[in-house]
Amino acid sequence: MELRMLENFLAVAREQNISAAAQTLHISQPALSAQLKAMEEELGRQLLIRGTKGSRKVILTEEGMILRKRAEEVLALMRRTKEEITGANDTIAGNVFIGTGETETVRLFAQVAKKIHEDYPDIRYNISSGNAEHVLDYLDKGLIDFGLLFTKVDPHKYEAIPIPIKDNWGVLMRKDSPLAEKDAICPKDLWDKPLIVSHQRGDEIPINQWLGKEESELNIVATYNLLFNASLFVAEGLGYALCYDKIINTCETDLCFRPLSPPLEVIGYIVRKRYQVFSKAAKVFLNCLEEMMA
């Protein structure tokens, strides 16, 4: 299957209309329809549900949605590869790809970018936010240069460099919540409360050990990947969110943050694949980052 066909398929998925996609691609509608039919025959699966009579809208099937996701990843990797090859000269420019969760530690990346911007103004930074699963998946597929993680990784597959900055766990809650009257939150305070927790859970997550209870013994009402979304549920009174400090600005809001007691601190790691080959832009960024952490 040619890359051009993947690009054309994504255009159809984006426009949800074969005729409109054909116009943006500057090809005829019959030619585009023939390409789509050939793709379906090659894969042996229906990718699109054509509109009924009177409607030209097309909808992706489950197989079509899988292909869209993989096509986006393939084309992103090809664009990045082309950029690295064509940019292999004395000029240091291009993209740095970073995967990370929500944490104040990301400010360190911003400080590094600001520091090197004067000397290398043509470097652009691409931040992909998600949990550890997301970051490791993007690392494995070559879609990011490195990731920021707070969990253990396979030392045979990845290199992890500790960051000399600690994140503090705590509880995000409404200011009118009963626990808001406390200066710090202990485990038993949360045992009977409705909790909103990170989607990423397991024995390796320190907060689970701190709580001292099995997940089945807790009242977990929601999970989240990005804390901003969880904060909206907290604001509506659904429950208490367990999270890192300094992510949600609680000033001029109905929310507040309380630290844990005993305190729970975690250290982040810069994670990259072993024997990974970096672009010049990524090398400059990582060298500066390591200098600032030294």
# chains A, B, ... in the order shown; residues from 1 in each chain; ligands from 1

$ residues_around --residues "Val284 in chain A" --least-positions-apart "5" --cutoff "10 Å" --atoms "only C-alpha atoms" --output "PyMOL selection string"
chain A and resi 92-93+96+112-113+116+120+123+278-279+289

$ write_last_selection --atoms "all heavy atoms" --output "mmCIF file, in the first residue's frame"
data_model
loop_
_atom_site.group_PDB
_atom_site.id
_atom_site.type_symbol
_atom_site.label_atom_id
_atom_site.label_comp_id
_atom_site.auth_asym_id
_atom_site.auth_seq_id
_atom_site.Cartn_x
_atom_site.Cartn_y
_atom_site.Cartn_z
ATOM 1 N N ILE A 92 21.601 23.521 12.350
ATOM 2 C CA ILE A 92 20.867 22.776 13.368
ATOM 3 C C ILE A 92 19.457 23.355 13.448
ATOM 4 O O ILE A 92 19.252 24.471 13.913
ATOM 5 C CB ILE A 92 21.566 22.851 14.732
ATOM 6 C CG1 ILE A 92 22.943 22.182 14.633
ATOM 7 C CG2 ILE A 92 20.716 22.168 15.804
ATOM 8 C CD1 ILE A 92 23.723 22.193 15.918
ATOM 9 N N ALA A 93 18.510 22.589 12.946
ATOM 10 C CA ALA A 93 17.113 23.003 12.922
ATOM 11 C C ALA A 93 16.272 21.741 12.964
ATOM 12 O O ALA A 93 16.794 20.629 12.994
ATOM 13 C CB ALA A 93 16.821 23.822 11.667
ATOM 14 N N VAL A 96 12.061 18.660 17.930
ATOM 15 C CA VAL A 96 12.347 17.827 19.090
ATOM 16 C C VAL A 96 11.002 17.303 19.582
ATOM 17 O O VAL A 96 10.071 18.081 19.810
ATOM 18 C CB VAL A 96 13.043 18.622 20.213
ATOM 19 C CG1 VAL A 96 13.257 17.733 21.431
ATOM 20 C CG2 VAL A 96 14.370 19.184 19.716
ATOM 21 N N VAL A 112 15.008 24.826 29.262
ATOM 22 C CA VAL A 112 16.045 24.408 28.310
ATOM 23 C C VAL A 112 15.765 24.993 26.931
ATOM 24 O O VAL A 112 16.658 25.524 26.267
ATOM 25 C CB VAL A 112 16.115 22.869 28.231
ATOM 26 C CG1 VAL A 112 17.063 22.435 27.118
ATOM 27 C CG2 VAL A 112 16.581 22.292 29.562
ATOM 28 N N ALA A 113 14.511 24.906 26.499
ATOM 29 C CA ALA A 113 14.143 25.440 25.183
ATOM 30 C C ALA A 113 14.426 26.932 25.100
ATOM 31 O O ALA A 113 14.939 27.433 24.084
ATOM 32 C CB ALA A 113 12.668 25.153 24.905
ATOM 33 N N ILE A 116 18.311 27.666 24.763
ATOM 34 C CA ILE A 116 18.986 27.408 23.491
ATOM 35 C C ILE A 116 18.315 28.121 22.309
ATOM 36 O O ILE A 116 18.813 28.060 21.189
ATOM 37 C CB ILE A 116 19.075 25.902 23.200
ATOM 38 C CG1 ILE A 116 17.679 25.303 22.993
ATOM 39 C CG2 ILE A 116 19.800 25.184 24.328
ATOM 40 C CD1 ILE A 116 17.707 23.818 22.678
ATOM 41 N N TYR A 120 19.732 28.621 18.548
ATOM 42 C CA TYR A 120 19.100 27.702 17.590
ATOM 43 C C TYR A 120 17.609 28.044 17.459
ATOM 44 O O TYR A 120 16.735 27.296 17.918
ATOM 45 C CB TYR A 120 19.272 26.253 18.054
ATOM 46 C CG TYR A 120 20.712 25.879 18.319
ATOM 47 C CD1 TYR A 120 21.186 25.761 19.628
ATOM 48 C CD2 TYR A 120 21.611 25.661 17.272
ATOM 49 C CE1 TYR A 120 22.501 25.427 19.881
ATOM 50 C CE2 TYR A 120 22.933 25.331 17.517
ATOM 51 C CZ TYR A 120 23.373 25.217 18.824
ATOM 52 O OH TYR A 120 24.686 24.890 19.083
ATOM 53 N N ILE A 123 14.774 25.474 15.919
ATOM 54 C CA ILE A 123 14.334 24.221 16.554
ATOM 55 C C ILE A 123 12.908 24.409 17.059
ATOM 56 O O ILE A 123 12.599 25.391 17.725
ATOM 57 C CB ILE A 123 15.265 23.829 17.719
ATOM 58 C CG1 ILE A 123 16.676 23.503 17.197
ATOM 59 C CG2 ILE A 123 14.701 22.629 18.471
ATOM 60 C CD1 ILE A 123 17.651 23.115 18.290
ATOM 61 N N PHE A 278 19.654 10.135 17.475
ATOM 62 C CA PHE A 278 18.912 11.386 17.579
ATOM 63 C C PHE A 278 19.263 12.331 16.438
ATOM 64 O O PHE A 278 20.367 12.303 15.893
ATOM 65 C CB PHE A 278 19.232 12.084 18.902
ATOM 66 C CG PHE A 278 18.750 11.349 20.125
ATOM 67 C CD1 PHE A 278 19.633 10.674 20.943
ATOM 68 C CD2 PHE A 278 17.408 11.341 20.449
ATOM 69 C CE1 PHE A 278 19.197 10.001 22.059
ATOM 70 C CE2 PHE A 278 16.953 10.672 21.565
ATOM 71 C CZ PHE A 278 17.852 9.993 22.376
ATOM 72 N N SER A 279 18.322 13.190 16.111
ATOM 73 C CA SER A 279 18.598 14.269 15.172
ATOM 74 C C SER A 279 19.521 15.280 15.850
ATOM 75 O O SER A 279 19.694 15.261 17.073
ATOM 76 C CB SER A 279 17.293 14.956 14.754
ATOM 77 O OG SER A 279 16.704 15.612 15.874
ATOM 78 N N LEU A 289 19.895 19.862 28.391
ATOM 79 C CA LEU A 289 19.095 19.359 29.499
ATOM 80 C C LEU A 289 19.973 18.665 30.538
ATOM 81 O O LEU A 289 19.831 18.903 31.746
ATOM 82 C CB LEU A 289 18.037 18.372 28.966
ATOM 83 C CG LEU A 289 17.133 17.698 30.004
ATOM 84 C CD1 LEU A 289 16.332 18.738 30.791
ATOM 85 C CD2 LEU A 289 16.196 16.705 29.317
#

$ residues_around --residues "range 179-190 of chain A" --least-positions-apart "5" --cutoff "6 Å" --atoms "only C-alpha atoms" --output "list in words"
Leu211, Arg258, Pro259, Leu260 and Ser261 of chain A

$ closest_residue --among "A:His26, A:Lys213, A:Lys283, A:His199" --to "Glu133 in chain A" --atoms "only C-alpha atoms"
A:His199

$ closest_atom_pairs --of "range 32-149 of chain A" --to "range 234-252 of chain A" --cutoff "8 Å" --atoms "only C-alpha atoms" --output "tab-separated table"
residue	atom	partner	partner_atom	distance
A:Glu102	CA	A:Ile247	CA	6.8
A:Thr103	CA	A:Ile247	CA	6.1
A:Glu104	CA	A:Lys246	CA	6.2

$ write_last_selection --atoms "N, CA, C and O atoms" --output "PDB file, in the first residue's frame"
ATOM      1  N   GLU A 102       1.378  15.137  32.931  1.00  0.00           N
ATOM      2  CA  GLU A 102       1.189  16.473  33.499  1.00  0.00           C
ATOM      3  C   GLU A 102       2.002  16.588  34.782  1.00  0.00           C
ATOM      4  O   GLU A 102       1.758  15.878  35.756  1.00  0.00           O
ATOM      5  N   THR A 103       2.967  17.473  34.783  1.00  0.00           N
ATOM      6  CA  THR A 103       3.829  17.658  35.934  1.00  0.00           C
ATOM      7  C   THR A 103       4.550  18.994  35.847  1.00  0.00           C
ATOM      8  O   THR A 103       4.865  19.473  34.748  1.00  0.00           O
ATOM      9  N   GLU A 104       4.839  19.584  36.980  1.00  0.00           N
ATOM     10  CA  GLU A 104       5.585  20.835  37.044  1.00  0.00           C
ATOM     11  C   GLU A 104       6.985  20.664  36.483  1.00  0.00           C
ATOM     12  O   GLU A 104       7.620  21.626  36.041  1.00  0.00           O
TER      13      GLU A 104
END

$ closest_residue --among "A:Glu7, A:Glu15, A:Asp119, A:Asp145" --to "Arg56 in chain A" --atoms "only C-alpha atoms"
A:Glu15

$ closest_residue --among "A:Pro206, A:Ala22, A:Ile144, A:Lys166" --to "Leu108 in chain A" --atoms "only C-alpha atoms"
A:Lys166

$ residues_around --residues "Asp154 in chain A" --least-positions-apart "5" --cutoff "12 Å" --atoms "only C-alpha atoms" --output "ChimeraX atom specification"
/A:136,159-160,271-274

$ write_last_selection --atoms "N, CA and C atoms" --output "PDB file, in the first residue's frame"
ATOM      1  N   LEU A 136       5.482   5.412  26.453  1.00  0.00           N
ATOM      2  CA  LEU A 136       6.270   4.251  26.046  1.00  0.00           C
ATOM      3  C   LEU A 136       5.853   3.758  24.663  1.00  0.00           C
ATOM      4  N   GLU A 159      16.967   3.625  28.579  1.00  0.00           N
ATOM      5  CA  GLU A 159      17.895   4.311  29.463  1.00  0.00           C
ATOM      6  C   GLU A 159      17.122   5.385  30.221  1.00  0.00           C
ATOM      7  N   ALA A 160      17.230   5.378  31.541  1.00  0.00           N
ATOM      8  CA  ALA A 160      16.478   6.321  32.368  1.00  0.00           C
ATOM      9  C   ALA A 160      17.427   7.175  33.191  1.00  0.00           C
ATOM     10  N   VAL A 271      13.493   9.265  29.884  1.00  0.00           N
ATOM     11  CA  VAL A 271      13.577   7.905  29.353  1.00  0.00           C
ATOM     12  C   VAL A 271      13.730   7.946  27.840  1.00  0.00           C
ATOM     13  N   ARG A 272      14.671   7.180  27.349  1.00  0.00           N
ATOM     14  CA  ARG A 272      14.863   7.062  25.908  1.00  0.00           C
ATOM     15  C   ARG A 272      15.264   5.638  25.573  1.00  0.00           C
ATOM     16  N   LYS A 273      15.053   5.243  24.345  1.00  0.00           N
ATOM     17  CA  LYS A 273      15.423   3.896  23.936  1.00  0.00           C
ATOM     18  C   LYS A 273      16.955   3.784  23.871  1.00  0.00           C
ATOM     19  N   ARG A 274      17.446   2.652  24.297  1.00  0.00           N
ATOM     20  CA  ARG A 274      18.888   2.424  24.207  1.00  0.00           C
ATOM     21  C   ARG A 274      19.311   2.350  22.744  1.00  0.00           C
TER      22      ARG A 274
END

$ closest_residue --among "A:Leu264, A:Leu43, A:Ala222, A:Val106" --to "Gln209 in chain A" --atoms "only C-alpha atoms"
A:Leu264

$ atom_distance --atom1 "CA of Glu62 in chain A" --atom2 "CA of Leu48 in chain A"
9.0 Å

$ closest_residue --among "A:Ile207, A:Glu290, A:Ala132, A:Gln46" --to "Val153 in chain A" --atoms "only C-alpha atoms"
A:Ala132

$ closest_residue --among "A:Glu265, A:Glu73, A:Ser19, A:Asn8" --to "Lys141 in chain A" --atoms "only C-alpha atoms"
A:Glu73

$ atom_distance --atom1 "CA of Phe257 in chain A" --atom2 "CA of Leu148 in chain A"
23.4 Å

$ select_by_dssp --residues "range 98-133 of chain A" --states "strand (DSSP E or B)" --output "list in words"
Ile98, Gly99, Thr100, Ile123, Arg124, Tyr125, Asn126, Ile127, Ser128 and Ser129 of chain A

$ select_by_dssp --residues "range 42-230 of chain A" --states "helix (DSSP H, G or I)" --output "MDAnalysis selection string"
chainID A and resid 42:43 62:86 106:117 132:140 178:181 187:190 206:211 215:217 227:230

$ atom_distance --atom1 "CA of Trp210 in chain A" --atom2 "CA of Ser198 in chain A"
14.5 Å

$ residues_around --residues "Phe150 in chain A" --least-positions-apart "2" --cutoff "9 Å" --atoms "only C-alpha atoms" --output "VMD selection string"
chain A and resid 101 132 148 152 205 266 to 269

$ decode --residues "range 236-282 of chain A" --atoms "C-alpha atoms" --output "PDB file, in the first residue's frame"
ATOM      1  CA  GLU A 236     -18.906  19.652  40.091  1.00  0.00           C
ATOM      2  CA  GLY A 237     -18.580  17.799  43.397  1.00  0.00           C
ATOM      3  CA  LEU A 238     -18.129  14.258  42.102  1.00  0.00           C
ATOM      4  CA  GLY A 239     -15.146  13.482  44.309  1.00  0.00           C
ATOM      5  CA  TYR A 240     -11.541  14.060  45.344  1.00  0.00           C
ATOM      6  CA  ALA A 241      -8.736  13.819  42.766  1.00  0.00           C
ATOM      7  CA  LEU A 242      -5.386  12.292  43.722  1.00  0.00           C
ATOM      8  CA  CYS A 243      -2.727  14.131  41.749  1.00  0.00           C
ATOM      9  CA  TYR A 244       0.568  16.019  41.679  1.00  0.00           C
ATOM     10  CA  ASP A 245       0.851  19.539  43.049  1.00  0.00           C
ATOM     11  CA  LYS A 246       1.155  22.696  40.894  1.00  0.00           C
ATOM     12  CA  ILE A 247      -0.676  21.297  37.868  1.00  0.00           C
ATOM     13  CA  ILE A 248      -4.032  22.975  38.410  1.00  0.00           C
ATOM     14  CA  ASN A 249      -4.010  26.678  39.270  1.00  0.00           C
ATOM     15  CA  THR A 250      -6.564  26.904  42.066  1.00  0.00           C
ATOM     16  CA  CYS A 251      -6.393  30.694  42.396  1.00  0.00           C
ATOM     17  CA  GLU A 252      -9.737  32.387  41.836  1.00  0.00           C
ATOM     18  CA  THR A 253     -11.500  29.012  41.638  1.00  0.00           C
ATOM     19  CA  ASP A 254     -13.646  26.918  43.969  1.00  0.00           C
ATOM     20  CA  LEU A 255     -10.828  24.349  44.212  1.00  0.00           C
ATOM     21  CA  CYS A 256      -7.926  23.840  46.588  1.00  0.00           C
ATOM     22  CA  PHE A 257      -5.011  21.418  46.944  1.00  0.00           C
ATOM     23  CA  ARG A 258      -3.914  19.672  50.119  1.00  0.00           C
ATOM     24  CA  PRO A 259      -0.643  17.697  50.481  1.00  0.00           C
ATOM     25  CA  LEU A 260      -0.483  14.182  51.865  1.00  0.00           C
ATOM     26  CA  SER A 261       0.612  13.171  55.348  1.00  0.00           C
ATOM     27  CA  PRO A 262       2.977  11.430  55.520  1.00  0.00           C
ATOM     28  CA  PRO A 263       4.339  13.291  52.462  1.00  0.00           C
ATOM     29  CA  LEU A 264       4.679  11.372  49.226  1.00  0.00           C
ATOM     30  CA  GLU A 265       7.346  12.542  46.782  1.00  0.00           C
ATOM     31  CA  VAL A 266       8.308  10.985  43.465  1.00  0.00           C
ATOM     32  CA  ILE A 267      11.258  11.474  41.138  1.00  0.00           C
ATOM     33  CA  GLY A 268      10.894  11.667  37.381  1.00  0.00           C
ATOM     34  CA  TYR A 269      13.167  10.140  34.754  1.00  0.00           C
ATOM     35  CA  ILE A 270      14.171  11.149  31.261  1.00  0.00           C
ATOM     36  CA  VAL A 271      13.577   7.905  29.353  1.00  0.00           C
ATOM     37  CA  ARG A 272      14.863   7.062  25.908  1.00  0.00           C
ATOM     38  CA  LYS A 273      15.423   3.896  23.936  1.00  0.00           C
ATOM     39  CA  ARG A 274      18.888   2.424  24.207  1.00  0.00           C
ATOM     40  CA  TYR A 275      21.065   2.912  21.125  1.00  0.00           C
ATOM     41  CA  GLN A 276      18.629   5.483  19.774  1.00  0.00           C
ATOM     42  CA  VAL A 277      19.915   7.753  17.024  1.00  0.00           C
ATOM     43  CA  PHE A 278      18.912  11.386  17.579  1.00  0.00           C
ATOM     44  CA  SER A 279      18.598  14.269  15.172  1.00  0.00           C
ATOM     45  CA  LYS A 280      20.974  17.204  15.654  1.00  0.00           C
ATOM     46  CA  ALA A 281      18.173  19.253  17.173  1.00  0.00           C
ATOM     47  CA  ALA A 282      17.358  16.507  19.696  1.00  0.00           C
TER      48      ALA A 282
END
